[in-house]
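Below: one structure, written as structure tokens.
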Amino acid sequence: MSDLQPPRGTHDLLPEDQRRHRHITETVLRIAGLYGYEEISTPIFEATDVFRRTLGETSDIVTKEMYVFEDKKGRSLALRPEGTAGVARAFVSHLRSKPLPLKLFYQGPMFRYERMQKGRQRQFHQFGIELLGVPEPLGDVEVITMAAHILEALGVADKVTLEINTLGDPDTRQAYRDILVAFLKGHRDGLSKDSQDRLDRNPLRIFDSKDAGDQEILKDAPKLTGHLTPASQDFFDTVKGGLLAAGVNYTLNPGLVRGLDYYCHTAFEFTTETLGAQGAVLAGGRYDGLIEAMGGPSTPGTGWAAGVERLALMIAEPPGPARPVAVVPIGEAAEAEALSLVQRLRQAGFPVDLGFAGNLKKRLDKANKANAVAAVILGQDELEKQAATVRDMETGEQTEIKLSALEDHLARYR
RNA sequence: GUGGCUGUAGCUCAGUUGGUUAGAGCGCCUGGUUGUGGUCCAGGAGGCCGGGGGUUCGAGACCCCUCAGCCACCCCA
């Protein structure tokens, strides 16, 4: 048994799990359509450089969480750890001549080599959207509004909070970063070990630290909001005003940051208390420098990604499959008749379960386990009358119905 | 990568300070009903106690290693 387990951090999606996943992705696809987004599928693996360039050489994802391997020609490939890089690459490869804006939706498995926790595994599923070619704050508003719409449609709106922040334009960001580093270097010894590392690699992320000592030091740190250029401030104000107008509630979180250089302006996250430490359910922001970093034409972008497994843990049980009608033949002659009857009913649109073997008792038992609404019993008596006994599986009530009138009678179970 | 907790039947779990042939409920199968499911009754199958090594007269219980799961950190969806 132990040697037949799936690899660490991977899971079989059994039919009832898959049902939840499908309910989520179908809901997303439907709502994305309302906003004019079309699905794009990119490969599950890419040249390792695709992720190196978009995620940064020093990011944790690249240095310790990527599944990297060589193919038979010695090319370095990586299983995708997230979706944006592949979409950006596809844009640069094929889509740069399309009229902008481009509204793309994607969905599928992602891979990260990590220790598991609730709502986190090594193969997991994300869906996300990218809006390319819109430098205006209205793009951010639409993207966030759509996310809120989706979460509402999934019935989790009351379990999540939207937090937003701004990183300012690239110049502000860079200038502020220098100011912050200068300040924190004066307090280096007081910082936690993790944050001392972050100071070199990714100083803005120190704001996320859960360490109490770090937060104490940060209280006196210079704030980004105090360093925004008027244009950046305007941008952020327009985003906030737009969300207000669209009826999307949010809270400001000045500690919400993104480390990579191409992120700018809006950063946001829908978080929940219901998933333990894995609070982020859907997160995104603006990445105006990304396409350029990939070697494409300078193209603004904004978007987000969400975790399907995390959402699956939050949503209510989706409706199960439609209840079938069970056709139950008794004897060989009836079985032959049943084969044609079954096809007739399926062509008419009824889900039909035809047991493979067994006497009446066994087949009714199977029909019950298949959650059948009704059983159409076909025995010698019925055959002679060109009729069937239809048993309501809920009440046990039985009625004899002419074969020619079956569809009409069964219509009540649709 | 770091730390803590946990692995007994398909599932949820019991199993006394180490002591004979390892248990329950649910589920599954068979029968009570040669043409009637769910309820009920009777019976049955199914475990190298995650794997390997060690201590012991004796290990499901104790020790070490390993694999897997859970929780937290890191990071992130």
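A note on labels: chains of the structure tokens are A, B, ... as shown, every chain counts residues from 1, and ligands are counted from 1 in their shown order.
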### Task
Would you kindly report the residues of chain A within 6 Å of chain B, using only C-alpha atoms (C1' of nucleotides), as a PyMOL selection string?
chain A and resi 281+306-307+361+364-365+368
For the selection you just gave me, I'd like the residues written to a file as an mmCIF file, in the first residue's frame, keeping N, CA, C and O atoms.
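Written file, out04.cif:
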data_model
loop_
_atom_site.group_PDB
_atom_site.id
_atom_site.type_symbol
_atom_site.label_atom_id
_atom_site.label_comp_id
_atom_site.auth_asym_id
_atom_site.auth_seq_id
_atom_site.Cartn_x
_atom_site.Cartn_y
_atom_site.Cartn_z
ATOM 1 N N VAL A 281 -6.556 33.895 -0.582
ATOM 2 C CA VAL A 281 -7.391 33.068 -1.432
ATOM 3 C C VAL A 281 -7.263 33.511 -2.884
ATOM 4 O O VAL A 281 -7.277 32.707 -3.803
ATOM 5 N N ALA A 306 -5.924 32.849 -8.224
ATOM 6 C CA ALA A 306 -6.630 32.312 -7.062
ATOM 7 C C ALA A 306 -6.380 30.827 -6.952
ATOM 8 O O ALA A 306 -6.127 30.149 -7.945
ATOM 9 N N GLY A 307 -6.428 30.303 -5.734
ATOM 10 C CA GLY A 307 -6.170 28.888 -5.500
ATOM 11 C C GLY A 307 -7.462 28.093 -5.435
ATOM 12 O O GLY A 307 -8.322 28.353 -4.602
ATOM 13 N N LYS A 361 -33.883 -8.002 -7.248
ATOM 14 C CA LYS A 361 -33.479 -7.473 -5.944
ATOM 15 C C LYS A 361 -32.134 -6.764 -6.030
ATOM 16 O O LYS A 361 -31.964 -5.646 -5.548
ATOM 17 N N LEU A 364 -32.327 -3.524 -8.108
ATOM 18 C CA LEU A 364 -32.978 -2.427 -7.384
ATOM 19 C C LEU A 364 -32.027 -1.856 -6.331
ATOM 20 O O LEU A 364 -31.985 -0.649 -6.090
ATOM 21 N N ASP A 365 -31.280 -2.768 -5.727
ATOM 22 C CA ASP A 365 -30.286 -2.336 -4.740
ATOM 23 C C ASP A 365 -29.263 -1.412 -5.410
ATOM 24 O O ASP A 365 -28.931 -0.341 -4.892
ATOM 25 N N ASN A 368 -30.774 1.877 -6.236
ATOM 26 C CA ASN A 368 -30.846 2.706 -5.037
ATOM 27 C C ASN A 368 -29.504 3.362 -4.760
ATOM 28 O O ASN A 368 -29.420 4.545 -4.438
#
Using DSSP on the backbone coordinates, identify all residues within range 49-213 of chain A classified as strand (DSSP E); present the result as number ranges by chain. A: 68-70, 76-79, 102-111, 123-132, 160-166
Residue contacts of U55 in chain B (12 Å, only C-alpha atoms (C1' of nucleotides)) excluding same-chain residues fewer than 5 positions away, as a PyMOL selection string: chain B and resi 18+62-64
Can you spit out the residues from that selection as a tab-separated table (two decimals), in the first residue's frame, using all heavy atoms?
chain	number	residue	atom	x	y	z
B	18	G	P	4.86	-1.14	29.41
B	18	G	OP1	5.51	-1.88	30.49
B	18	G	OP2	5.66	-0.59	28.31
B	18	G	O5'	3.70	-2.12	28.89
B	18	G	C5'	3.13	-2.04	27.66
B	18	G	C4'	3.38	-3.31	26.87
B	18	G	O4'	4.81	-3.43	26.60
B	18	G	C3'	2.96	-4.58	27.58
B	18	G	O3'	2.23	-5.39	26.67
B	18	G	C2'	4.28	-5.27	27.92
B	18	G	O2'	4.19	-6.69	27.83
B	18	G	C1'	5.18	-4.76	26.79
B	18	G	N9	6.60	-4.80	27.09
B	18	G	C8	7.29	-4.19	28.09
B	18	G	N7	8.57	-4.44	28.05
B	18	G	C5	8.73	-5.27	26.95
B	18	G	C6	9.90	-5.86	26.42
B	18	G	O6	11.05	-5.78	26.81
B	18	G	N1	9.60	-6.62	25.29
B	18	G	C2	8.36	-6.79	24.75
B	18	G	N2	8.28	-7.56	23.69
B	18	G	N3	7.26	-6.24	25.24
B	18	G	C4	7.53	-5.50	26.33
B	62	C	P	5.03	3.49	22.59
B	62	C	OP1	4.51	4.48	23.56
B	62	C	OP2	5.20	3.84	21.17
B	62	C	O5'	6.45	2.93	23.12
B	62	C	C5'	6.82	3.07	24.48
B	62	C	C4'	8.28	2.74	24.65
B	62	C	O4'	8.46	1.29	24.59
B	62	C	C3'	9.20	3.27	23.56
B	62	C	O3'	9.56	4.62	23.80
B	62	C	C2'	10.39	2.33	23.66
B	62	C	O2'	11.25	2.69	24.72
B	62	C	C1'	9.71	1.01	24.00
B	62	C	N1	9.48	0.15	22.81
B	62	C	C2	10.57	-0.43	22.16
B	62	C	O2	11.71	-0.21	22.59
B	62	C	N3	10.36	-1.23	21.09
B	62	C	C4	9.12	-1.44	20.67
B	62	C	N4	8.95	-2.23	19.61
B	62	C	C5	7.99	-0.86	21.30
B	62	C	C6	8.21	-0.08	22.36
B	63	C	P	9.92	5.56	22.54
B	63	C	OP1	9.98	6.94	23.05
B	63	C	OP2	9.02	5.23	21.41
B	63	C	O5'	11.38	5.10	22.14
B	63	C	C5'	12.49	5.31	23.00
B	63	C	C4'	13.76	4.85	22.35
B	63	C	O4'	13.72	3.41	22.18
B	63	C	C3'	13.97	5.38	20.93
B	63	C	O3'	14.55	6.67	20.93
B	63	C	C2'	14.89	4.33	20.33
B	63	C	O2'	16.23	4.51	20.73
B	63	C	C1'	14.34	3.05	20.96
B	63	C	N1	13.35	2.36	20.12
B	63	C	C2	13.81	1.59	19.03
B	63	C	O2	15.02	1.51	18.81
B	63	C	N3	12.90	0.94	18.26
B	63	C	C4	11.59	1.04	18.52
B	63	C	N4	10.75	0.39	17.73
B	63	C	C5	11.10	1.83	19.60
B	63	C	C6	12.01	2.47	20.36
B	64	C	P	14.20	7.66	19.68
B	64	C	OP1	14.72	8.98	20.06
B	64	C	OP2	12.78	7.49	19.30
B	64	C	O5'	15.11	7.06	18.52
B	64	C	C5'	16.52	7.10	18.61
B	64	C	C4'	17.14	6.40	17.41
B	64	C	O4'	16.77	5.00	17.42
B	64	C	C3'	16.65	6.88	16.06
B	64	C	O3'	17.31	8.06	15.64
B	64	C	C2'	16.97	5.69	15.16
B	64	C	O2'	18.33	5.63	14.84
B	64	C	C1'	16.63	4.52	16.10
B	64	C	N1	15.24	4.03	15.90
B	64	C	C2	14.99	3.16	14.84
B	64	C	O2	15.92	2.83	14.10
B	64	C	N3	13.73	2.69	14.65
B	64	C	C4	12.75	3.07	15.48
B	64	C	N4	11.53	2.59	15.26
B	64	C	C5	12.98	3.97	16.57
B	64	C	C6	14.23	4.42	16.74
Need the shell around Arg30 in chain A: protein/DNA/RNA residues with any atom at most 12 Å away, counting only C-alpha atoms (C1' of nucleotides). Skip same-chain ones fewer than 2 positions apart. Format as an NGL selection string? :A and (22-28 or 32-39 or 105 or 146 or 149-150 or 153-154)
Same residues, N, CA and C atoms, saved as a PDB file, in the first residue's frame:
ATOM      1  N   ARG A  22     -14.775  21.586 -10.435  1.00  0.00           N
ATOM      2  CA  ARG A  22     -15.475  21.983 -11.656  1.00  0.00           C
ATOM      3  C   ARG A  22     -16.476  23.075 -11.384  1.00  0.00           C
ATOM      4  N   HIS A  23     -17.145  22.962 -10.274  1.00  0.00           N
ATOM      5  CA  HIS A  23     -18.104  24.007  -9.927  1.00  0.00           C
ATOM      6  C   HIS A  23     -17.387  25.359  -9.851  1.00  0.00           C
ATOM      7  N   ILE A  24     -16.213  25.359  -9.287  1.00  0.00           N
ATOM      8  CA  ILE A  24     -15.444  26.595  -9.168  1.00  0.00           C
ATOM      9  C   ILE A  24     -15.017  27.106 -10.537  1.00  0.00           C
ATOM     10  N   THR A  25     -14.374  26.253 -11.327  1.00  0.00           N
ATOM     11  CA  THR A  25     -13.861  26.756 -12.606  1.00  0.00           C
ATOM     12  C   THR A  25     -14.988  27.111 -13.572  1.00  0.00           C
ATOM     13  N   GLU A  26     -16.098  26.391 -13.495  1.00  0.00           N
ATOM     14  CA  GLU A  26     -17.222  26.745 -14.369  1.00  0.00           C
ATOM     15  C   GLU A  26     -17.828  28.086 -13.978  1.00  0.00           C
ATOM     16  N   THR A  27     -17.888  28.325 -12.682  1.00  0.00           N
ATOM     17  CA  THR A  27     -18.392  29.623 -12.210  1.00  0.00           C
ATOM     18  C   THR A  27     -17.470  30.743 -12.678  1.00  0.00           C
ATOM     19  N   VAL A  28     -16.180  30.527 -12.546  1.00  0.00           N
ATOM     20  CA  VAL A  28     -15.213  31.541 -12.944  1.00  0.00           C
ATOM     21  C   VAL A  28     -15.299  31.813 -14.443  1.00  0.00           C
ATOM     22  N   ALA A  32     -16.163  35.327 -15.943  1.00  0.00           N
ATOM     23  CA  ALA A  32     -15.118  35.952 -16.752  1.00  0.00           C
ATOM     24  C   ALA A  32     -15.677  36.337 -18.118  1.00  0.00           C
ATOM     25  N   GLY A  33     -16.585  35.510 -18.620  1.00  0.00           N
ATOM     26  CA  GLY A  33     -17.218  35.801 -19.897  1.00  0.00           C
ATOM     27  C   GLY A  33     -18.015  37.098 -19.852  1.00  0.00           C
ATOM     28  N   LEU A  34     -18.607  37.373 -18.701  1.00  0.00           N
ATOM     29  CA  LEU A  34     -19.391  38.614 -18.560  1.00  0.00           C
ATOM     30  C   LEU A  34     -18.503  39.850 -18.668  1.00  0.00           C
ATOM     31  N   TYR A  35     -17.218  39.653 -18.408  1.00  0.00           N
ATOM     32  CA  TYR A  35     -16.290  40.781 -18.472  1.00  0.00           C
ATOM     33  C   TYR A  35     -15.470  40.757 -19.756  1.00  0.00           C
ATOM     34  N   GLY A  36     -15.767  39.804 -20.611  1.00  0.00           N
ATOM     35  CA  GLY A  36     -15.087  39.746 -21.899  1.00  0.00           C
ATOM     36  C   GLY A  36     -13.747  39.026 -21.893  1.00  0.00           C
ATOM     37  N   TYR A  37     -13.548  38.142 -20.910  1.00  0.00           N
ATOM     38  CA  TYR A  37     -12.267  37.427 -20.848  1.00  0.00           C
ATOM     39  C   TYR A  37     -12.396  36.070 -21.526  1.00  0.00           C
ATOM     40  N   GLU A  38     -11.373  35.693 -22.289  1.00  0.00           N
ATOM     41  CA  GLU A  38     -11.362  34.393 -22.949  1.00  0.00           C
ATOM     42  C   GLU A  38     -10.238  33.533 -22.413  1.00  0.00           C
ATOM     43  N   GLU A  39     -10.488  32.224 -22.433  1.00  0.00           N
ATOM     44  CA  GLU A  39      -9.517  31.314 -21.826  1.00  0.00           C
ATOM     45  C   GLU A  39      -8.312  31.097 -22.727  1.00  0.00           C
ATOM     46  N   PHE A 105      -7.980  34.683 -19.520  1.00  0.00           N
ATOM     47  CA  PHE A 105      -8.301  33.875 -18.344  1.00  0.00           C
ATOM     48  C   PHE A 105      -7.550  32.554 -18.490  1.00  0.00           C
ATOM     49  N   MET A 146     -14.232  42.178 -10.723  1.00  0.00           N
ATOM     50  CA  MET A 146     -14.523  40.857 -11.251  1.00  0.00           C
ATOM     51  C   MET A 146     -14.183  39.772 -10.227  1.00  0.00           C
ATOM     52  N   HIS A 149     -16.846  39.704  -7.703  1.00  0.00           N
ATOM     53  CA  HIS A 149     -18.030  39.111  -8.317  1.00  0.00           C
ATOM     54  C   HIS A 149     -17.954  37.576  -8.282  1.00  0.00           C
ATOM     55  N   ILE A 150     -16.789  37.069  -8.636  1.00  0.00           N
ATOM     56  CA  ILE A 150     -16.588  35.618  -8.652  1.00  0.00           C
ATOM     57  C   ILE A 150     -16.708  35.034  -7.245  1.00  0.00           C
ATOM     58  N   ALA A 153     -20.248  34.916  -6.309  1.00  0.00           N
ATOM     59  CA  ALA A 153     -20.967  33.843  -7.002  1.00  0.00           C
ATOM     60  C   ALA A 153     -20.651  32.483  -6.397  1.00  0.00           C
ATOM     61  N   LEU A 154     -19.461  32.350  -5.834  1.00  0.00           N
ATOM     62  CA  LEU A 154     -19.083  31.086  -5.209  1.00  0.00           C
ATOM     63  C   LEU A 154     -19.620  30.985  -3.790  1.00  0.00           C
TER      64      LEU A 154
END
message = Can you tell me, as a PyMOL selection string, which residues in range 139-227 of chain A count as helix (DSSP H, G or I) by DSSP?
response = chain A and resi 139-153+157-159+170-185+188-190+193-201+203-208+212-218+224-227
From the list A:Val376, A:Val390, A:Ala147, A:Leu275, the nearest residue to Arg363 in chain A using only C-alpha atoms is A:Val376
Min atom-atom distance to Ala246 in chain A from the set A:Ser59, A:Gln233, A:Gln121, A:Thr145, counting only C-alpha atoms, belongs to A:Thr145
From CA of Gly128 in chain A to CA of Leu311 in chain A the spacing works out at 13.1 Å
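Using only C-alpha atoms (C1' of nucleotides), the residues found no farther than 9 Å from Lys64 in chain A, other than those of its own chain fewer than 2 positions away, are Ser59, Asp60, Ile61, Val62, Met66, Tyr67, Arg112, Tyr113 and Glu114 of chain A; G1 of chain B.
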